[in-house]
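**Q** Sharing a structure here in structure tokens format.
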Amino acid sequence: MDILYSEIKSCLENSLKSSFPQLRDIALEIELMFCREFSYGDLYSNILFKLTPHLKKPVEEIEKIFLPKLKMEIDNNRNLKKWIKQIDFKLPGFVNFFLSEEYLGRRLWDCLKEKERFGSSDIGKGSSVLLEFVSANPTGPLGIAHGRQAAIGDALANILNFLGYRVEREYYINDEGVQMENLAKSLWIRYRQNFGENRELPENGYRGEYLLEIARKLPLIKEKFSDWNRETHLFFSQFGCQEILKMIKEDLASFGVSFDHWIAQSFLIDSGKVNEVTEFLKGKGFIYEKEGALWLKSTLFGDDKDRVVVKADGEFTYIASDIAYHKDKYERGFDLLINLWGPDHHGYIPRLLAAVEALGYDVKKLKILIVQLATLYRDGKLVPMSTRAGTFITLEEVVKEIGKDVARFFFLSRRRDSHLDFDITLAKKESADNPVYYLQYAYARINSLKNYARDKGIDGEQLIDKISDLRLLISQLGEEEFKLIRLLQQFPHIIQETAHNLEPNILIVYLQTLAKYFHHYYSHYRVIDTDLEKSYARIAVALAIGIVLRNGLKLLGISLPEKM
RNA sequence: GGGCCUAUAGCUUAAUGGAUAGAGUGCAGGGCUCCGGACCCUGAUGUGAGGGUUCGAUUCCCUCUAGGCCCA
């Protein structure tokens with residue numbers, strides 16, 4: 001695929017040079033894209049559109065000069081001569097390329113041979129990526145917005161690994177600050193209520209049921225922790241955090257997500273890293289004192305105002321820990337850092353980037369992606385989500401109700417930027433003909449085909465050995481089968497596009513199209529028939545589609561049953 | 001008041017500035033004696049409003065309207 005791409009591009013470039021030498025000094029970016037309709041071709045370039053403003057001639061005239069040169073270039077290219085069947089010019093200015101049967105047959109064969117590696121690549125060249133996501137405060141169970149992040153982050157990590165990156169997944173535990181104090185106090189009050197003490201939760205306390213359960217885990221010793229003091233605070237903060245993290249890990253596990261690292265804010269502070277980074281910035285002259293507090297001159301690096309890093313009472317601010325955290329990330333030597341954040345952190349980006357720049361690190365290595373919220377509806381009505389008020393539906397409940405696969409599918413099938421309205425009633429109602437099942441059903445059908453074929457003496461597992469003559473295979477395939485292969489061979493490129501845009505929904509959309517093509521084909525043509533050679537060829541295509549569905553869904557963390 | 005995101009069919013949504021805006025669901029109708037009917041086929045319904053840039057705008061820019069989030 002990549003060779004095909006680069007060769008076509010270089011042919012386009014060469015013919016451009018020989019056709020219009022007067023444009024030598026103008027930089028034109030040559031784009032090559034998949035056609036949306038196979039009737040147009042497989043690939044198209046919009047190069048002629050790009051030429052018109054420079055040449056000031058109608059496209060038809062440009063085409064008359066350009067296309068013969070391009071055809072000559074392709075004819076003179078050893079590979080493309082075999083791989084490109086036809087080149088078309090279509091108004092208002094498209095140059096369309098049709099892939100040859102030989103190329104498509106070769107790709108089919110590649111797919112069958114590479115199996116679970118089909119679509120993988122080494123374009124990542126082993127470069128290391130740290131992907132930080134979810135990082136929900138340990139103040140309560142995960143909600144569906146976290147679920148969306150978990151699904152996206154996990155899928156992206158899988159996909160990048162598939163492309164030869166070395167991805168590590170990380171969860172940042174925000175276990176310091178006001179929210180944790182609220183949590184500790186709420187938990188302590190729940191604990192004291194066990195002794196019949198009449199204590200009310202503070203106004204901004206956490207009201208969720210889970211704190212009652214956690215409080216019950218403690219041995220009931222009335223004399224212990226009878227007052228709210230430093231020691232009590234510390235204990236309940238740690239105990240609460242530990243127990244809630246346990247819950248979070250369980251929920252993530254049942255959602256199929258696990259992390260390589262868990263980094264706590266308290267660790268950064270206790271180990272002196274936060275102090276270190278403040279001293280470091282002070283040494284660089286980026287910190288000044290005002291009204292008893294220490295300020296970072298983040299305005300020097302594009303922030304709209306300076307930020308407090310150490311408050312007048314000597315406490316570090318949230319950003320101080322975050323700066324230390326990101327310094328730590330950079331020091332661990334990753335080639336790329338990706339953060340998945342909720343939209344509520346959006347305003348936070350400029351100040352963090354400013355801090356990273358102040359530290360002297362390459363800002364381009366840090367990519368902060370905002371994943372928009374997911375809001376839950378039940379019976380068409382918005383379910384209010386508040387961890388503090390304790391009115392929320394947890395990720396765990398959603399997973400229990402509709403299953404991991406359906407939940408992941410919903411979360412992944414929208415763009416990161418779009419708000420996700422998740423109606424659980426609808427999701428359940430539609431579960432009989434859910435889009436996930438559409439994909440899974442296609443795979444189950446293929447699997448059942450494989451079994452049926454084996455009974456007829458066609459062994460799918462040994463297919464690749466049987467196909468000794470690629471030309472014979474190709475001769476058995478018709479237009480309908482080639483249509484499937486034309487889509488199939490886009491898969492490696494789709495994976496790369498998904499990774500490039502860090503947008504898993506591209507892959508989902510592709511897989512849905514592939515399943516649709518297959519279902520259509522299946523209900524119109526017989527795969528296993530009396531003609532043995534033809535049956536071999538057709539089962540080969542079906543199996544290849546199965547491979548792509550399996551590889552794709554595996555990357556998305558959606559399971560694929562052999563039977564349904 | 002400032003910033004970010006969003007607006008596409010009744011609903012949920014797709015379309016790296018490209019060709020006839022593509023699906024699912026819902027609605028109306030049709031299809032297995034045959035490899036799995038959780039499937040297939042046919043039909044109607046469309047880019048929030050107004051400007052601009054471009055050979056070409058759902059996509060980019062400006063104004064407005066509506067929703068979400070953040071900051072003050």
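In the structure tokens, chains take letters A, B, ... by order of appearance, with residues numbered from 1 within each chain and ligands from 1 in the order shown.
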List as a Markdown table every residue of chain B that is in contact with chain A, defined as an atom at most 7 Å from one of its atoms (using only C-alpha atoms (C1' of nucleotides)), together with the nearest atom pair and the distance in Å rounded to one decimal, sorted by chain and then rising number.

**A**
| residue | atom | partner | partner_atom | distance |
| --- | --- | --- | --- | --- |
| B:C4 | C1' | A:His346 | CA | 6.5 |
| B:C5 | C1' | A:Asp417 | CA | 6.5 |
| B:U6 | C1' | A:Ser418 | CA | 6.1 |
| B:C35 | C1' | A:Leu449 | CA | 5.7 |
| B:G36 | C1' | A:Arg445 | CA | 6.1 |
| B:A38 | C1' | A:Asp433 | CA | 6.0 |
| B:C39 | C1' | A:His519 | CA | 6.8 |
| B:C40 | C1' | A:Ser523 | CA | 5.9 |
| B:C69 | C1' | A:Asp344 | CA | 5.5 |
| B:C70 | C1' | A:Asp344 | CA | 5.4 |

**Q** Running DSSP on the backbone, which parts of segment 295-542 of chain A land in helix (DSSP H, G or I), as a VMD selection string?

**A** chain A and resid 298 to 301 318 to 331 343 to 359 363 to 365 395 to 402 404 to 412 424 to 433 435 to 455 460 to 466 470 to 475 479 to 488 491 to 501 505 to 524 532 to 542

**Q** Quick one: everything within 12 Å of segment 169-171 of chain A, counting only C-alpha atoms (C1' of nucleotides), minus sequence neighbours fewer than 4 positions away in the same chain. Send it as a PyMOL selection string.

**A** chain A and resi 128-138+146+149-150+153-158+160-161+175+245+248-249+252+257-265+325+329+337-341

**Q** What's the 7 Å shell around segment 50-64 of chain B, counting only C-alpha atoms (C1' of nucleotides), without same-chain residues fewer than 5 positions away, as a PyMOL selection string?

**A** chain B and resi 8+17-18

**Q** Apply DSSP to the backbone of this structure and, from segment 210-338 of chain A, keep only the residues in strand (DSSP E); write these as an MDAnalysis selection string.

**A** chainID A and resid 261:264 287:290 293:296 307:310 336:338

**Q** Selection from above, C-alpha atoms, as a short mmCIF file (atom, residue, chain, number, x, y, z; two decimals), in the first residue's frame, can you write it?

**A**
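Full text of part-v5.cif as output:
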data_model
loop_
_atom_site.label_atom_id
_atom_site.label_comp_id
_atom_site.auth_asym_id
_atom_site.auth_seq_id
_atom_site.Cartn_x
_atom_site.Cartn_y
_atom_site.Cartn_z
CA HIS A 261 1.27 3.15 35.51
CA TRP A 262 -0.65 4.83 38.28
CA ILE A 263 1.01 8.07 39.32
CA ALA A 264 -0.27 9.90 42.38
CA ILE A 287 8.99 32.68 39.28
CA TYR A 288 8.32 35.81 41.31
CA GLU A 289 6.73 36.63 44.63
CA LYS A 290 3.58 38.69 44.98
CA ALA A 293 2.48 33.76 46.93
CA LEU A 294 4.86 32.45 44.26
CA TRP A 295 3.81 33.09 40.68
CA LEU A 296 4.88 31.51 37.42
CA ARG A 307 -0.34 31.58 37.65
CA VAL A 308 0.15 30.94 41.34
CA VAL A 309 2.26 27.85 42.02
CA VAL A 310 2.72 28.20 45.77
CA LEU A 336 5.32 11.53 22.34
CA LEU A 337 3.02 12.41 25.21
CA ILE A 338 -0.73 12.24 24.68
#

**Q** Could you check the closest approach to C11 of chain B for each of B:G37, B:G48, B:G43, B:G24 and tell me which residue wins, using only C-alpha atoms (C1' of nucleotides)?

**A** B:G24

**Q** Which distance in Å separates atom CA of Ile159 of chain A and atom CA of Gly552 of chain A, to one decimal?

**A**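 According to the coordinates, atom CA of Ile159 of chain A and atom CA of Gly552 of chain A are separated by 9.0 Å.
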
**Q** Segment 95-110 of chain A: which residues within 7 Å, counting only C-alpha atoms (C1' of nucleotides), same-chain residues fewer than 3 positions away excluded, as a PyMOL selection string?

**A** chain A and resi 40-46+82-90+113-114+470+474+485-486+489+544

**Q** What does the file look like for those residues with N, CA and C atoms, as a short mmCIF file (atom, residue, chain, number, x, y, z; two decimals), in the first residue's frame?

**A**
data_model
loop_
_atom_site.label_atom_id
_atom_site.label_comp_id
_atom_site.auth_asym_id
_atom_site.auth_seq_id
_atom_site.Cartn_x
_atom_site.Cartn_y
_atom_site.Cartn_z
N TYR A 40 -16.00 5.42 -9.55
CA TYR A 40 -15.04 6.45 -9.97
C TYR A 40 -13.63 5.89 -10.10
N GLY A 41 -13.36 4.86 -9.30
CA GLY A 41 -12.03 4.31 -9.25
C GLY A 41 -11.68 3.96 -7.82
N ASP A 42 -10.38 3.68 -7.58
CA ASP A 42 -9.96 3.36 -6.22
C ASP A 42 -9.33 4.56 -5.54
N LEU A 43 -8.50 5.27 -6.31
CA LEU A 43 -7.82 6.43 -5.75
C LEU A 43 -8.03 7.61 -6.67
N TYR A 44 -8.02 8.79 -6.10
CA TYR A 44 -8.10 9.95 -6.96
C TYR A 44 -7.14 11.03 -6.48
N SER A 45 -6.74 11.85 -7.42
CA SER A 45 -5.92 13.00 -7.08
C SER A 45 -6.63 14.24 -7.57
N ASN A 46 -6.48 15.32 -6.82
CA ASN A 46 -7.12 16.56 -7.23
C ASN A 46 -6.09 17.52 -7.83
N LYS A 82 1.84 -2.85 -13.56
CA LYS A 82 1.04 -4.02 -13.22
C LYS A 82 -0.11 -3.69 -12.26
N TRP A 83 0.10 -2.67 -11.46
CA TRP A 83 -0.85 -2.42 -10.37
C TRP A 83 -2.01 -1.51 -10.77
N ILE A 84 -1.76 -0.65 -11.74
CA ILE A 84 -2.81 0.29 -12.14
C ILE A 84 -3.42 -0.20 -13.44
N LYS A 85 -4.75 -0.36 -13.41
CA LYS A 85 -5.43 -0.89 -14.59
C LYS A 85 -5.82 0.22 -15.54
N GLN A 86 -6.20 1.33 -14.96
CA GLN A 86 -6.82 2.37 -15.77
C GLN A 86 -6.70 3.71 -15.07
N ILE A 87 -6.49 4.75 -15.90
CA ILE A 87 -6.50 6.11 -15.35
C ILE A 87 -7.55 6.90 -16.09
N ASP A 88 -8.40 7.58 -15.32
CA ASP A 88 -9.49 8.34 -15.93
C ASP A 88 -9.38 9.80 -15.57
N PHE A 89 -9.81 10.63 -16.51
CA PHE A 89 -10.02 12.02 -16.17
C PHE A 89 -11.51 12.27 -16.11
N LYS A 90 -11.96 12.88 -15.01
CA LYS A 90 -13.39 13.17 -14.90
C LYS A 90 -13.57 14.63 -14.52
N LYS A 113 -2.34 -14.31 4.39
CA LYS A 113 -1.05 -14.78 4.89
C LYS A 113 -0.68 -14.09 6.20
N GLU A 114 -0.93 -12.80 6.26
CA GLU A 114 -0.52 -12.04 7.45
C GLU A 114 -1.48 -12.23 8.62
N LEU A 470 -1.52 -17.56 -8.05
CA LEU A 470 -2.33 -16.38 -7.79
C LEU A 470 -3.21 -16.04 -8.99
N ILE A 474 -7.19 -15.33 -9.14
CA ILE A 474 -7.75 -14.10 -9.68
C ILE A 474 -8.77 -14.38 -10.78
N ILE A 485 -12.66 -6.85 -2.17
CA ILE A 485 -11.21 -6.74 -1.98
C ILE A 485 -10.76 -5.29 -2.06
N ARG A 486 -11.41 -4.53 -2.91
CA ARG A 486 -11.05 -3.11 -3.03
C ARG A 486 -11.25 -2.39 -1.70
N GLN A 489 -8.60 -3.89 0.99
CA GLN A 489 -7.20 -3.47 0.91
C GLN A 489 -6.99 -2.06 1.45
N ALA A 544 -10.82 -13.45 4.36
CA ALA A 544 -10.04 -12.21 4.47
C ALA A 544 -10.87 -11.13 5.15
#
